[in-house]
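**Student:** For reference, this is coords01.txt, and it has compact mmCIF, N, CA and C atoms.
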# COMPACT_ATOMS: atom_id res chain seq x y z
N MET A 254 -117.55 -45.51 115.23
CA MET A 254 -118.01 -46.74 115.82
C MET A 254 -118.18 -47.78 114.72
N ALA A 255 -117.50 -48.89 114.82
CA ALA A 255 -117.53 -49.94 113.81
C ALA A 255 -118.62 -50.95 114.12
N VAL A 256 -119.20 -51.48 113.06
CA VAL A 256 -120.23 -52.50 113.19
C VAL A 256 -119.55 -53.85 113.10
N THR A 257 -119.74 -54.68 114.08
CA THR A 257 -119.07 -55.98 114.11
C THR A 257 -119.93 -57.10 113.54
N GLY A 258 -121.23 -57.01 113.68
CA GLY A 258 -122.11 -58.07 113.21
C GLY A 258 -122.59 -57.80 111.79
N THR A 259 -122.76 -58.86 111.02
CA THR A 259 -123.27 -58.73 109.66
C THR A 259 -124.65 -59.36 109.61
N LYS A 260 -125.60 -58.62 109.07
CA LYS A 260 -126.96 -59.12 108.98
C LYS A 260 -127.07 -60.05 107.78
N HIS A 261 -127.56 -61.25 108.02
CA HIS A 261 -127.75 -62.21 106.94
C HIS A 261 -129.11 -61.98 106.28
N VAL A 262 -129.12 -62.13 105.00
CA VAL A 262 -130.35 -61.99 104.22
C VAL A 262 -131.03 -63.35 104.20
N MET A 263 -132.35 -63.36 104.37
CA MET A 263 -133.09 -64.61 104.31
C MET A 263 -133.03 -65.16 102.88
N LEU A 264 -133.10 -66.45 102.74
CA LEU A 264 -133.02 -67.11 101.44
C LEU A 264 -134.13 -66.60 100.50
N MET A 265 -135.32 -66.39 101.02
CA MET A 265 -136.43 -65.91 100.21
C MET A 265 -136.18 -64.49 99.73
N GLU A 266 -135.60 -63.65 100.58
CA GLU A 266 -135.29 -62.27 100.20
C GLU A 266 -134.21 -62.24 99.13
N ALA A 267 -133.22 -63.12 99.25
CA ALA A 267 -132.17 -63.21 98.23
C ALA A 267 -132.76 -63.65 96.90
N HIS A 268 -133.69 -64.59 96.95
CA HIS A 268 -134.38 -65.07 95.75
C HIS A 268 -135.06 -63.90 95.03
N CYS A 269 -135.75 -63.04 95.77
CA CYS A 269 -136.44 -61.90 95.18
C CYS A 269 -135.47 -60.84 94.68
N ARG A 270 -134.45 -60.55 95.46
CA ARG A 270 -133.47 -59.52 95.07
C ARG A 270 -132.68 -59.92 93.84
N LEU A 271 -132.46 -61.19 93.64
CA LEU A 271 -131.66 -61.66 92.50
C LEU A 271 -132.51 -62.03 91.29
N GLY A 272 -133.72 -61.53 91.24
CA GLY A 272 -134.55 -61.74 90.06
C GLY A 272 -135.22 -63.09 90.00
N CYS A 273 -135.56 -63.64 91.15
CA CYS A 273 -136.27 -64.93 91.25
C CYS A 273 -135.47 -66.09 90.66
N ILE A 274 -134.16 -66.08 90.91
CA ILE A 274 -133.37 -67.24 90.46
C ILE A 274 -133.64 -68.40 91.41
N GLY A 275 -133.32 -69.59 90.97
CA GLY A 275 -133.59 -70.79 91.75
C GLY A 275 -132.81 -70.82 93.06
N PHE A 276 -133.37 -71.51 94.03
CA PHE A 276 -132.73 -71.60 95.35
C PHE A 276 -131.42 -72.37 95.27
N ALA A 277 -131.36 -73.38 94.40
CA ALA A 277 -130.12 -74.14 94.24
C ALA A 277 -129.02 -73.25 93.69
N ALA A 278 -129.38 -72.32 92.80
CA ALA A 278 -128.39 -71.39 92.24
C ALA A 278 -127.86 -70.44 93.31
N ILE A 279 -128.75 -70.00 94.20
CA ILE A 279 -128.32 -69.11 95.29
C ILE A 279 -127.35 -69.85 96.21
N LYS A 280 -127.69 -71.09 96.55
CA LYS A 280 -126.82 -71.89 97.42
C LYS A 280 -125.47 -72.13 96.76
N LYS A 281 -125.47 -72.37 95.45
CA LYS A 281 -124.22 -72.60 94.72
C LYS A 281 -123.36 -71.34 94.73
N LEU A 282 -123.99 -70.18 94.53
CA LEU A 282 -123.25 -68.91 94.58
C LEU A 282 -122.58 -68.72 95.94
N CYS A 283 -123.31 -69.05 97.00
CA CYS A 283 -122.78 -68.89 98.36
C CYS A 283 -121.64 -69.87 98.64
N HIS A 284 -121.81 -71.14 98.23
CA HIS A 284 -120.80 -72.16 98.51
C HIS A 284 -119.52 -71.91 97.71
N GLU A 285 -119.65 -71.32 96.52
CA GLU A 285 -118.47 -71.05 95.69
C GLU A 285 -117.85 -69.69 96.00
N GLY A 286 -118.43 -68.97 96.96
CA GLY A 286 -117.87 -67.69 97.38
C GLY A 286 -118.14 -66.55 96.41
N LEU A 287 -119.11 -66.70 95.53
CA LEU A 287 -119.41 -65.68 94.54
C LEU A 287 -120.40 -64.64 95.05
N ALA A 288 -120.91 -64.85 96.27
CA ALA A 288 -121.85 -63.91 96.85
C ALA A 288 -121.24 -63.22 98.06
N SER A 289 -119.97 -62.87 97.96
CA SER A 289 -119.31 -62.21 99.09
C SER A 289 -119.89 -60.81 99.26
N GLY A 290 -120.06 -60.40 100.49
CA GLY A 290 -120.68 -59.12 100.77
C GLY A 290 -122.20 -59.19 100.75
N PHE A 291 -122.71 -60.36 100.50
CA PHE A 291 -124.16 -60.58 100.43
C PHE A 291 -124.45 -61.86 101.20
N PRO A 292 -124.28 -61.85 102.53
CA PRO A 292 -124.44 -63.08 103.31
C PRO A 292 -125.89 -63.55 103.34
N VAL A 293 -126.07 -64.82 102.99
CA VAL A 293 -127.41 -65.39 102.91
C VAL A 293 -127.54 -66.49 103.96
N ASP A 294 -128.65 -66.47 104.69
CA ASP A 294 -128.95 -67.52 105.65
C ASP A 294 -129.56 -68.69 104.87
N LEU A 295 -128.74 -69.68 104.55
CA LEU A 295 -129.17 -70.80 103.71
C LEU A 295 -130.13 -71.74 104.42
N ASN A 296 -130.27 -71.62 105.73
CA ASN A 296 -131.18 -72.48 106.48
C ASN A 296 -132.52 -71.82 106.77
N SER A 297 -132.73 -70.61 106.22
CA SER A 297 -133.99 -69.92 106.48
C SER A 297 -135.14 -70.57 105.71
N GLU A 298 -136.35 -70.26 106.15
CA GLU A 298 -137.55 -70.87 105.58
C GLU A 298 -137.80 -70.36 104.16
N VAL A 299 -138.21 -71.27 103.29
CA VAL A 299 -138.56 -70.93 101.91
C VAL A 299 -140.08 -71.00 101.78
N THR A 300 -140.66 -69.91 101.31
CA THR A 300 -142.11 -69.86 101.10
C THR A 300 -142.40 -69.70 99.62
N GLU A 301 -143.67 -69.68 99.26
CA GLU A 301 -144.04 -69.50 97.87
C GLU A 301 -143.77 -68.06 97.44
N CYS A 302 -143.23 -67.91 96.25
CA CYS A 302 -142.93 -66.59 95.69
C CYS A 302 -144.09 -66.20 94.77
N GLN A 303 -144.80 -65.15 95.12
CA GLN A 303 -145.96 -64.72 94.34
C GLN A 303 -145.56 -64.34 92.92
N ALA A 304 -144.41 -63.69 92.74
CA ALA A 304 -143.97 -63.30 91.40
C ALA A 304 -143.71 -64.52 90.53
N CYS A 305 -143.13 -65.56 91.10
CA CYS A 305 -142.87 -66.80 90.35
C CYS A 305 -144.17 -67.47 89.95
N ILE A 306 -145.13 -67.49 90.88
CA ILE A 306 -146.43 -68.12 90.60
C ILE A 306 -147.12 -67.38 89.46
N GLU A 307 -147.15 -66.05 89.52
CA GLU A 307 -147.80 -65.26 88.48
C GLU A 307 -147.06 -65.38 87.15
N GLY A 308 -145.75 -65.50 87.20
CA GLY A 308 -144.96 -65.63 85.97
C GLY A 308 -145.18 -66.95 85.26
N LYS A 309 -145.61 -67.96 85.98
CA LYS A 309 -145.82 -69.28 85.38
C LYS A 309 -147.25 -69.48 84.90
N LEU A 310 -148.13 -68.51 85.19
CA LEU A 310 -149.51 -68.62 84.74
C LEU A 310 -149.57 -68.47 83.23
N THR A 311 -150.51 -69.13 82.62
CA THR A 311 -150.70 -68.99 81.18
C THR A 311 -152.03 -68.32 80.92
N ARG A 312 -152.09 -67.63 79.79
CA ARG A 312 -153.33 -66.98 79.41
C ARG A 312 -154.04 -67.81 78.36
N LYS A 313 -155.33 -67.63 78.31
CA LYS A 313 -156.13 -68.30 77.31
C LYS A 313 -155.75 -67.74 75.94
N THR A 314 -155.55 -68.61 74.96
CA THR A 314 -155.15 -68.15 73.64
C THR A 314 -156.29 -67.39 72.97
N VAL A 315 -155.91 -66.46 72.13
CA VAL A 315 -156.87 -65.66 71.39
C VAL A 315 -157.29 -66.44 70.16
N SER A 316 -158.58 -66.54 69.94
CA SER A 316 -159.11 -67.28 68.81
C SER A 316 -158.72 -66.59 67.51
N LYS A 317 -158.29 -67.36 66.52
CA LYS A 317 -157.93 -66.83 65.22
C LYS A 317 -159.15 -66.77 64.30
N GLU A 318 -160.27 -67.31 64.75
CA GLU A 318 -161.48 -67.31 63.96
C GLU A 318 -162.23 -65.99 64.15
N ARG A 319 -162.94 -65.59 63.12
CA ARG A 319 -163.73 -64.36 63.19
C ARG A 319 -164.86 -64.50 64.20
N GLN A 320 -165.11 -63.42 64.90
CA GLN A 320 -166.21 -63.40 65.86
C GLN A 320 -167.51 -62.96 65.18
N HIS A 321 -167.41 -62.39 63.99
CA HIS A 321 -168.58 -61.97 63.23
C HIS A 321 -168.32 -62.30 61.76
N ARG A 322 -169.37 -62.27 60.97
CA ARG A 322 -169.19 -62.59 59.55
C ARG A 322 -168.44 -61.45 58.87
N GLN A 323 -167.72 -61.77 57.81
CA GLN A 323 -166.97 -60.76 57.08
C GLN A 323 -167.93 -59.95 56.22
N GLY A 324 -167.62 -58.67 56.05
CA GLY A 324 -168.45 -57.82 55.22
C GLY A 324 -168.50 -58.32 53.79
N LYS A 325 -169.65 -58.19 53.16
CA LYS A 325 -169.83 -58.65 51.78
C LYS A 325 -169.60 -57.54 50.77
N MET A 326 -169.50 -56.29 51.27
CA MET A 326 -169.25 -55.15 50.39
C MET A 326 -168.52 -54.07 51.18
N PRO A 327 -167.79 -53.20 50.47
CA PRO A 327 -167.05 -52.14 51.16
C PRO A 327 -167.96 -51.26 52.01
N GLY A 328 -167.52 -50.93 53.20
CA GLY A 328 -168.26 -50.04 54.09
C GLY A 328 -169.30 -50.72 54.95
N GLU A 329 -169.51 -52.03 54.77
CA GLU A 329 -170.52 -52.72 55.57
C GLU A 329 -170.09 -52.83 57.03
N TRP A 330 -168.82 -53.16 57.26
CA TRP A 330 -168.26 -53.24 58.61
C TRP A 330 -167.03 -52.33 58.66
N LEU A 331 -167.01 -51.41 59.60
CA LEU A 331 -165.85 -50.56 59.83
C LEU A 331 -165.34 -50.80 61.24
N GLN A 332 -164.05 -50.98 61.35
CA GLN A 332 -163.42 -51.08 62.66
C GLN A 332 -162.68 -49.78 62.90
N SER A 333 -162.67 -49.31 64.13
CA SER A 333 -162.00 -48.05 64.40
C SER A 333 -161.19 -48.15 65.69
N ASP A 334 -160.21 -47.27 65.78
CA ASP A 334 -159.38 -47.18 66.97
C ASP A 334 -158.92 -45.75 67.12
N TYR A 335 -158.83 -45.28 68.35
CA TYR A 335 -158.33 -43.94 68.64
C TYR A 335 -157.09 -44.07 69.50
N TRP A 336 -156.09 -43.27 69.21
CA TRP A 336 -154.89 -43.22 70.03
C TRP A 336 -154.59 -41.77 70.34
N GLY A 337 -154.26 -41.49 71.59
CA GLY A 337 -153.89 -40.14 71.97
C GLY A 337 -154.26 -39.91 73.42
N PRO A 338 -153.94 -38.81 73.97
CA PRO A 338 -153.18 -37.72 73.38
C PRO A 338 -151.68 -37.95 73.52
N ALA A 339 -150.93 -37.51 72.53
CA ALA A 339 -149.47 -37.56 72.58
C ALA A 339 -148.96 -36.34 73.34
N ARG A 340 -147.74 -36.42 73.82
CA ARG A 340 -147.17 -35.29 74.56
C ARG A 340 -146.88 -34.09 73.65
N THR A 341 -146.50 -34.38 72.41
CA THR A 341 -146.19 -33.30 71.48
C THR A 341 -147.25 -33.26 70.39
N ARG A 342 -147.45 -32.08 69.84
CA ARG A 342 -148.44 -31.89 68.79
C ARG A 342 -147.75 -31.80 67.43
N THR A 343 -148.52 -32.11 66.38
CA THR A 343 -148.01 -31.93 65.02
C THR A 343 -148.02 -30.45 64.68
N ARG A 344 -147.49 -30.10 63.52
CA ARG A 344 -147.50 -28.69 63.11
C ARG A 344 -148.93 -28.18 62.97
N GLY A 345 -149.84 -29.06 62.65
CA GLY A 345 -151.24 -28.67 62.51
C GLY A 345 -151.99 -28.63 63.84
N GLY A 346 -151.32 -28.93 64.94
CA GLY A 346 -151.94 -28.86 66.26
C GLY A 346 -152.58 -30.16 66.72
N ASN A 347 -152.38 -31.24 65.97
CA ASN A 347 -152.99 -32.53 66.33
C ASN A 347 -152.07 -33.31 67.27
N ASN A 348 -152.68 -34.06 68.16
CA ASN A 348 -151.87 -34.87 69.09
C ASN A 348 -152.44 -36.28 69.26
N GLY A 349 -153.22 -36.73 68.29
CA GLY A 349 -153.78 -38.08 68.33
C GLY A 349 -154.18 -38.49 66.93
N PHE A 350 -154.60 -39.73 66.79
CA PHE A 350 -155.11 -40.18 65.49
C PHE A 350 -156.28 -41.13 65.68
N ASN A 351 -157.07 -41.21 64.62
CA ASN A 351 -158.23 -42.08 64.58
C ASN A 351 -158.06 -42.97 63.36
N LEU A 352 -158.07 -44.27 63.55
CA LEU A 352 -157.85 -45.24 62.48
C LEU A 352 -159.15 -45.94 62.15
N TYR A 353 -159.44 -46.07 60.86
CA TYR A 353 -160.61 -46.82 60.39
C TYR A 353 -160.13 -47.90 59.43
N ILE A 354 -160.67 -49.11 59.58
CA ILE A 354 -160.33 -50.23 58.71
C ILE A 354 -161.63 -50.81 58.15
N ASP A 355 -161.70 -50.89 56.81
CA ASP A 355 -162.85 -51.51 56.17
C ASP A 355 -162.67 -53.02 56.23
N ASP A 356 -163.64 -53.72 56.77
CA ASP A 356 -163.52 -55.16 56.98
C ASP A 356 -163.47 -55.94 55.67
N TYR A 357 -164.17 -55.48 54.65
CA TYR A 357 -164.22 -56.20 53.38
C TYR A 357 -162.91 -56.06 52.61
N SER A 358 -162.46 -54.83 52.41
CA SER A 358 -161.27 -54.59 51.58
C SER A 358 -159.98 -54.48 52.38
N ARG A 359 -160.08 -54.35 53.69
CA ARG A 359 -158.95 -54.12 54.60
C ARG A 359 -158.29 -52.75 54.32
N PHE A 360 -159.02 -51.87 53.65
CA PHE A 360 -158.54 -50.52 53.39
C PHE A 360 -158.46 -49.77 54.71
N LYS A 361 -157.36 -49.05 54.89
CA LYS A 361 -157.15 -48.34 56.15
C LYS A 361 -157.08 -46.84 55.88
N HIS A 362 -157.66 -46.08 56.77
CA HIS A 362 -157.60 -44.63 56.67
C HIS A 362 -157.31 -44.06 58.05
N VAL A 363 -156.36 -43.14 58.11
CA VAL A 363 -155.97 -42.52 59.38
C VAL A 363 -156.29 -41.04 59.34
N TRP A 364 -156.98 -40.57 60.36
CA TRP A 364 -157.27 -39.15 60.52
C TRP A 364 -156.46 -38.65 61.71
N LEU A 365 -155.78 -37.52 61.54
CA LEU A 365 -155.12 -36.87 62.67
C LEU A 365 -156.16 -36.02 63.38
N VAL A 366 -156.21 -36.09 64.69
CA VAL A 366 -157.20 -35.35 65.48
C VAL A 366 -156.51 -34.62 66.62
N SER A 367 -157.15 -33.54 67.04
CA SER A 367 -156.58 -32.77 68.15
C SER A 367 -157.23 -33.13 69.49
N ALA A 368 -158.38 -33.82 69.42
CA ALA A 368 -159.07 -34.25 70.64
C ALA A 368 -159.92 -35.47 70.31
N LYS A 369 -160.22 -36.26 71.31
CA LYS A 369 -161.03 -37.44 71.11
C LYS A 369 -162.43 -37.07 70.62
N SER A 370 -162.89 -35.90 70.99
CA SER A 370 -164.22 -35.45 70.57
C SER A 370 -164.31 -35.23 69.06
N ASP A 371 -163.17 -35.11 68.37
CA ASP A 371 -163.15 -34.94 66.90
C ASP A 371 -163.46 -36.25 66.17
N CYS A 372 -163.45 -37.37 66.87
CA CYS A 372 -163.63 -38.67 66.23
C CYS A 372 -165.00 -38.83 65.59
N GLU A 373 -166.04 -38.27 66.18
CA GLU A 373 -167.37 -38.40 65.62
C GLU A 373 -167.45 -37.75 64.23
N GLU A 374 -166.87 -36.57 64.12
CA GLU A 374 -166.85 -35.88 62.82
C GLU A 374 -166.05 -36.68 61.79
N LYS A 375 -164.92 -37.24 62.19
CA LYS A 375 -164.09 -38.03 61.28
C LYS A 375 -164.81 -39.32 60.88
N PHE A 376 -165.61 -39.88 61.78
CA PHE A 376 -166.39 -41.07 61.44
C PHE A 376 -167.40 -40.74 60.35
N LYS A 377 -168.08 -39.61 60.48
CA LYS A 377 -169.07 -39.20 59.47
C LYS A 377 -168.40 -39.01 58.12
N HIS A 378 -167.20 -38.40 58.10
CA HIS A 378 -166.47 -38.23 56.86
C HIS A 378 -166.07 -39.58 56.26
N THR A 379 -165.66 -40.51 57.10
CA THR A 379 -165.23 -41.81 56.63
C THR A 379 -166.41 -42.58 56.03
N VAL A 380 -167.55 -42.55 56.67
CA VAL A 380 -168.74 -43.26 56.17
C VAL A 380 -169.20 -42.63 54.86
N ALA A 381 -169.19 -41.30 54.78
CA ALA A 381 -169.62 -40.62 53.55
C ALA A 381 -168.65 -40.87 52.40
N TRP A 382 -167.41 -41.11 52.71
CA TRP A 382 -166.38 -41.32 51.71
C TRP A 382 -166.59 -42.65 51.05
Could the structure of this file be written out as structure tokens, please?

**Tutor:**
Amino acid sequence: MAVTGTKHVMLMEAHCRLGCIGFAAIKKLCHEGLASGFPVDLNSEVTECQACIEGKLTRKTVSKERQHRQGKMPGEWLQSDYWGPARTRTRGGNNGFNLYIDDYSRFKHVWLVSAKSDCEEKFKHTVAW
């Protein structure tokens, strides 16, 4: 049984399927015959595209100024970060790391850890060091 009718795609649906390209570009593709096999109803209603609206939003810039005073001596301010768990483990059985940065000297130290709970012990070692 053959299908005789072809379903036309609404202009808004074509806009979304084609990666949010402009409506004028869609109409141009249709008029030049470059959208064969993809019939578009060029007279259908155009509404606001939520993806386009969100894509045009801007974020507040991040301040380049310090939020706190800089340390006056090594070890006064320590910044830390934990990453993990990774899917694979190291030969030593670790699957994450803990990073410490001294605010005064910008000295960085990385500890390999097998669990997030190991971070407290590594912090004590870093402070004592």

**Student:** Near stretch 346-357 of chain A, counting only C-alpha atoms, which residues have an atom at most 12 Å away, once you skip same-chain residues fewer than 4 positions from it, shown as a PyMOL selection string?

**Tutor:** chain A and resi 319+321-342+361-380+382

**Student:** In Å to one decimal, how far is atom CA of A:His261 from atom CA of A:Ala304?

**Tutor:**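 According to the coordinates, atom CA of A:Ala304 and atom CA of A:His261 are separated by 22.5 Å.
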
**Student:** Could you work out how far atom CA of A:Met265 lies from atom N of A:Gly286, giving the answer in Å with one decimal?

**Tutor:**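 Atom N of A:Gly286 sits 18.5 Å away from atom CA of A:Met265.
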
**Student:** Please, which residues of chain A, numbered as in this document, come out helix (DSSP H, G or I) from DSSP, as number ranges by chain?

**Tutor:** A: 264-270, 276-284, 303-308, 369-381

**Student:** Take atom N of A:Ser358 and atom N of A:Lys313 and report the distance between them in Å, one decimal.

**Tutor:**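 If I compute the distance from atom N of A:Ser358 to atom N of A:Lys313, I get 29.8 Å.
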
**Student:** I'd like the contact shell of A:Asn296 - 8 Å cut-off, only N, CA and C atoms, skipping same-chain residues fewer than 2 positions apart - returned as a PyMOL selection string.

**Tutor:** chain A and resi 263-264+293-294+298-299

**Student:** For the structure I just gave you, how does DSSP split chain A - specifically, which residues are strand (DSSP E)? Reply as a ChimeraX atom specification.

**Tutor:** /A:262-263,293-294,331-336,349-355,361-366

**Student:** Put those residues in a file: N, CA and C atoms, as a PDB file, keeping the file's coordinate frame.

**Tutor:**
ATOM      1  N   VAL A 262    -129.120 -62.130 105.000  1.00  0.00           N
ATOM      2  CA  VAL A 262    -130.350 -61.990 104.220  1.00  0.00           C
ATOM      3  C   VAL A 262    -131.030 -63.350 104.200  1.00  0.00           C
ATOM      4  N   MET A 263    -132.350 -63.360 104.370  1.00  0.00           N
ATOM      5  CA  MET A 263    -133.090 -64.610 104.310  1.00  0.00           C
ATOM      6  C   MET A 263    -133.030 -65.160 102.880  1.00  0.00           C
ATOM      7  N   VAL A 293    -126.070 -64.820 102.990  1.00  0.00           N
ATOM      8  CA  VAL A 293    -127.410 -65.390 102.910  1.00  0.00           C
ATOM      9  C   VAL A 293    -127.540 -66.490 103.960  1.00  0.00           C
ATOM     10  N   ASP A 294    -128.650 -66.470 104.690  1.00  0.00           N
ATOM     11  CA  ASP A 294    -128.950 -67.520 105.650  1.00  0.00           C
ATOM     12  C   ASP A 294    -129.560 -68.690 104.870  1.00  0.00           C
ATOM     13  N   LEU A 331    -167.010 -51.410  59.600  1.00  0.00           N
ATOM     14  CA  LEU A 331    -165.850 -50.560  59.830  1.00  0.00           C
ATOM     15  C   LEU A 331    -165.340 -50.800  61.240  1.00  0.00           C
ATOM     16  N   GLN A 332    -164.050 -50.980  61.350  1.00  0.00           N
ATOM     17  CA  GLN A 332    -163.420 -51.080  62.660  1.00  0.00           C
ATOM     18  C   GLN A 332    -162.680 -49.780  62.900  1.00  0.00           C
ATOM     19  N   SER A 333    -162.670 -49.310  64.130  1.00  0.00           N
ATOM     20  CA  SER A 333    -162.000 -48.050  64.400  1.00  0.00           C
ATOM     21  C   SER A 333    -161.190 -48.150  65.690  1.00  0.00           C
ATOM     22  N   ASP A 334    -160.210 -47.270  65.780  1.00  0.00           N
ATOM     23  CA  ASP A 334    -159.380 -47.180  66.970  1.00  0.00           C
ATOM     24  C   ASP A 334    -158.920 -45.750  67.120  1.00  0.00           C
ATOM     25  N   TYR A 335    -158.830 -45.280  68.350  1.00  0.00           N
ATOM     26  CA  TYR A 335    -158.330 -43.940  68.640  1.00  0.00           C
ATOM     27  C   TYR A 335    -157.090 -44.070  69.500  1.00  0.00           C
ATOM     28  N   TRP A 336    -156.090 -43.270  69.210  1.00  0.00           N
ATOM     29  CA  TRP A 336    -154.890 -43.220  70.030  1.00  0.00           C
ATOM     30  C   TRP A 336    -154.590 -41.770  70.340  1.00  0.00           C
ATOM     31  N   GLY A 349    -153.220 -36.730  68.290  1.00  0.00           N
ATOM     32  CA  GLY A 349    -153.780 -38.080  68.330  1.00  0.00           C
ATOM     33  C   GLY A 349    -154.180 -38.490  66.930  1.00  0.00           C
ATOM     34  N   PHE A 350    -154.600 -39.730  66.790  1.00  0.00           N
ATOM     35  CA  PHE A 350    -155.110 -40.180  65.490  1.00  0.00           C
ATOM     36  C   PHE A 350    -156.280 -41.130  65.680  1.00  0.00           C
ATOM     37  N   ASN A 351    -157.070 -41.210  64.620  1.00  0.00           N
ATOM     38  CA  ASN A 351    -158.230 -42.080  64.580  1.00  0.00           C
ATOM     39  C   ASN A 351    -158.060 -42.970  63.360  1.00  0.00           C
ATOM     40  N   LEU A 352    -158.070 -44.270  63.550  1.00  0.00           N
ATOM     41  CA  LEU A 352    -157.850 -45.240  62.480  1.00  0.00           C
ATOM     42  C   LEU A 352    -159.150 -45.940  62.150  1.00  0.00           C
ATOM     43  N   TYR A 353    -159.440 -46.070  60.860  1.00  0.00           N
ATOM     44  CA  TYR A 353    -160.610 -46.820  60.390  1.00  0.00           C
ATOM     45  C   TYR A 353    -160.130 -47.900  59.430  1.00  0.00           C
ATOM     46  N   ILE A 354    -160.670 -49.110  59.580  1.00  0.00           N
ATOM     47  CA  ILE A 354    -160.330 -50.230  58.710  1.00  0.00           C
ATOM     48  C   ILE A 354    -161.630 -50.810  58.150  1.00  0.00           C
ATOM     49  N   ASP A 355    -161.700 -50.890  56.810  1.00  0.00           N
ATOM     50  CA  ASP A 355    -162.850 -51.510  56.170  1.00  0.00           C
ATOM     51  C   ASP A 355    -162.670 -53.020  56.230  1.00  0.00           C
ATOM     52  N   LYS A 361    -157.360 -49.050  54.890  1.00  0.00           N
ATOM     53  CA  LYS A 361    -157.150 -48.340  56.150  1.00  0.00           C
ATOM     54  C   LYS A 361    -157.080 -46.840  55.880  1.00  0.00           C
ATOM     55  N   HIS A 362    -157.660 -46.080  56.770  1.00  0.00           N
ATOM     56  CA  HIS A 362    -157.600 -44.630  56.670  1.00  0.00           C
ATOM     57  C   HIS A 362    -157.310 -44.060  58.050  1.00  0.00           C
ATOM     58  N   VAL A 363    -156.360 -43.140  58.110  1.00  0.00           N
ATOM     59  CA  VAL A 363    -155.970 -42.520  59.380  1.00  0.00           C
ATOM     60  C   VAL A 363    -156.290 -41.040  59.340  1.00  0.00           C
ATOM     61  N   TRP A 364    -156.980 -40.570  60.360  1.00  0.00           N
ATOM     62  CA  TRP A 364    -157.270 -39.150  60.520  1.00  0.00           C
ATOM     63  C   TRP A 364    -156.460 -38.650  61.710  1.00  0.00           C
ATOM     64  N   LEU A 365    -155.780 -37.520  61.540  1.00  0.00           N
ATOM     65  CA  LEU A 365    -155.120 -36.870  62.670  1.00  0.00           C
ATOM     66  C   LEU A 365    -156.160 -36.020  63.380  1.00  0.00           C
ATOM     67  N   VAL A 366    -156.210 -36.090  64.690  1.00  0.00           N
ATOM     68  CA  VAL A 366    -157.200 -35.350  65.480  1.00  0.00           C
ATOM     69  C   VAL A 366    -156.510 -34.620  66.620  1.00  0.00           C
TER      70      VAL A 366
END

**Student:** Smallest atom-to-atom distance to A:Phe291: which of A:Ile306, A:Val262, A:Ala278, A:Cys269, using only N, CA and C atoms?

**Tutor:**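 Ranking A:Ile306, A:Val262, A:Ala278, A:Cys269 by distance to A:Phe291, first place goes to A:Val262.
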
**Student:** Output, as lines of an AutoDock Vina configuration file, the centre and edge lengths in Å (one decimal) of the axis-aligned box that contains all listed atoms of stretch 273-278 of chain A with 5 Å of margin on each side.

**Tutor:**
center_x = -132.1
center_y = -68.9
center_z = 92.9
size_x = 18.4
size_y = 20.5
size_z = 14.9
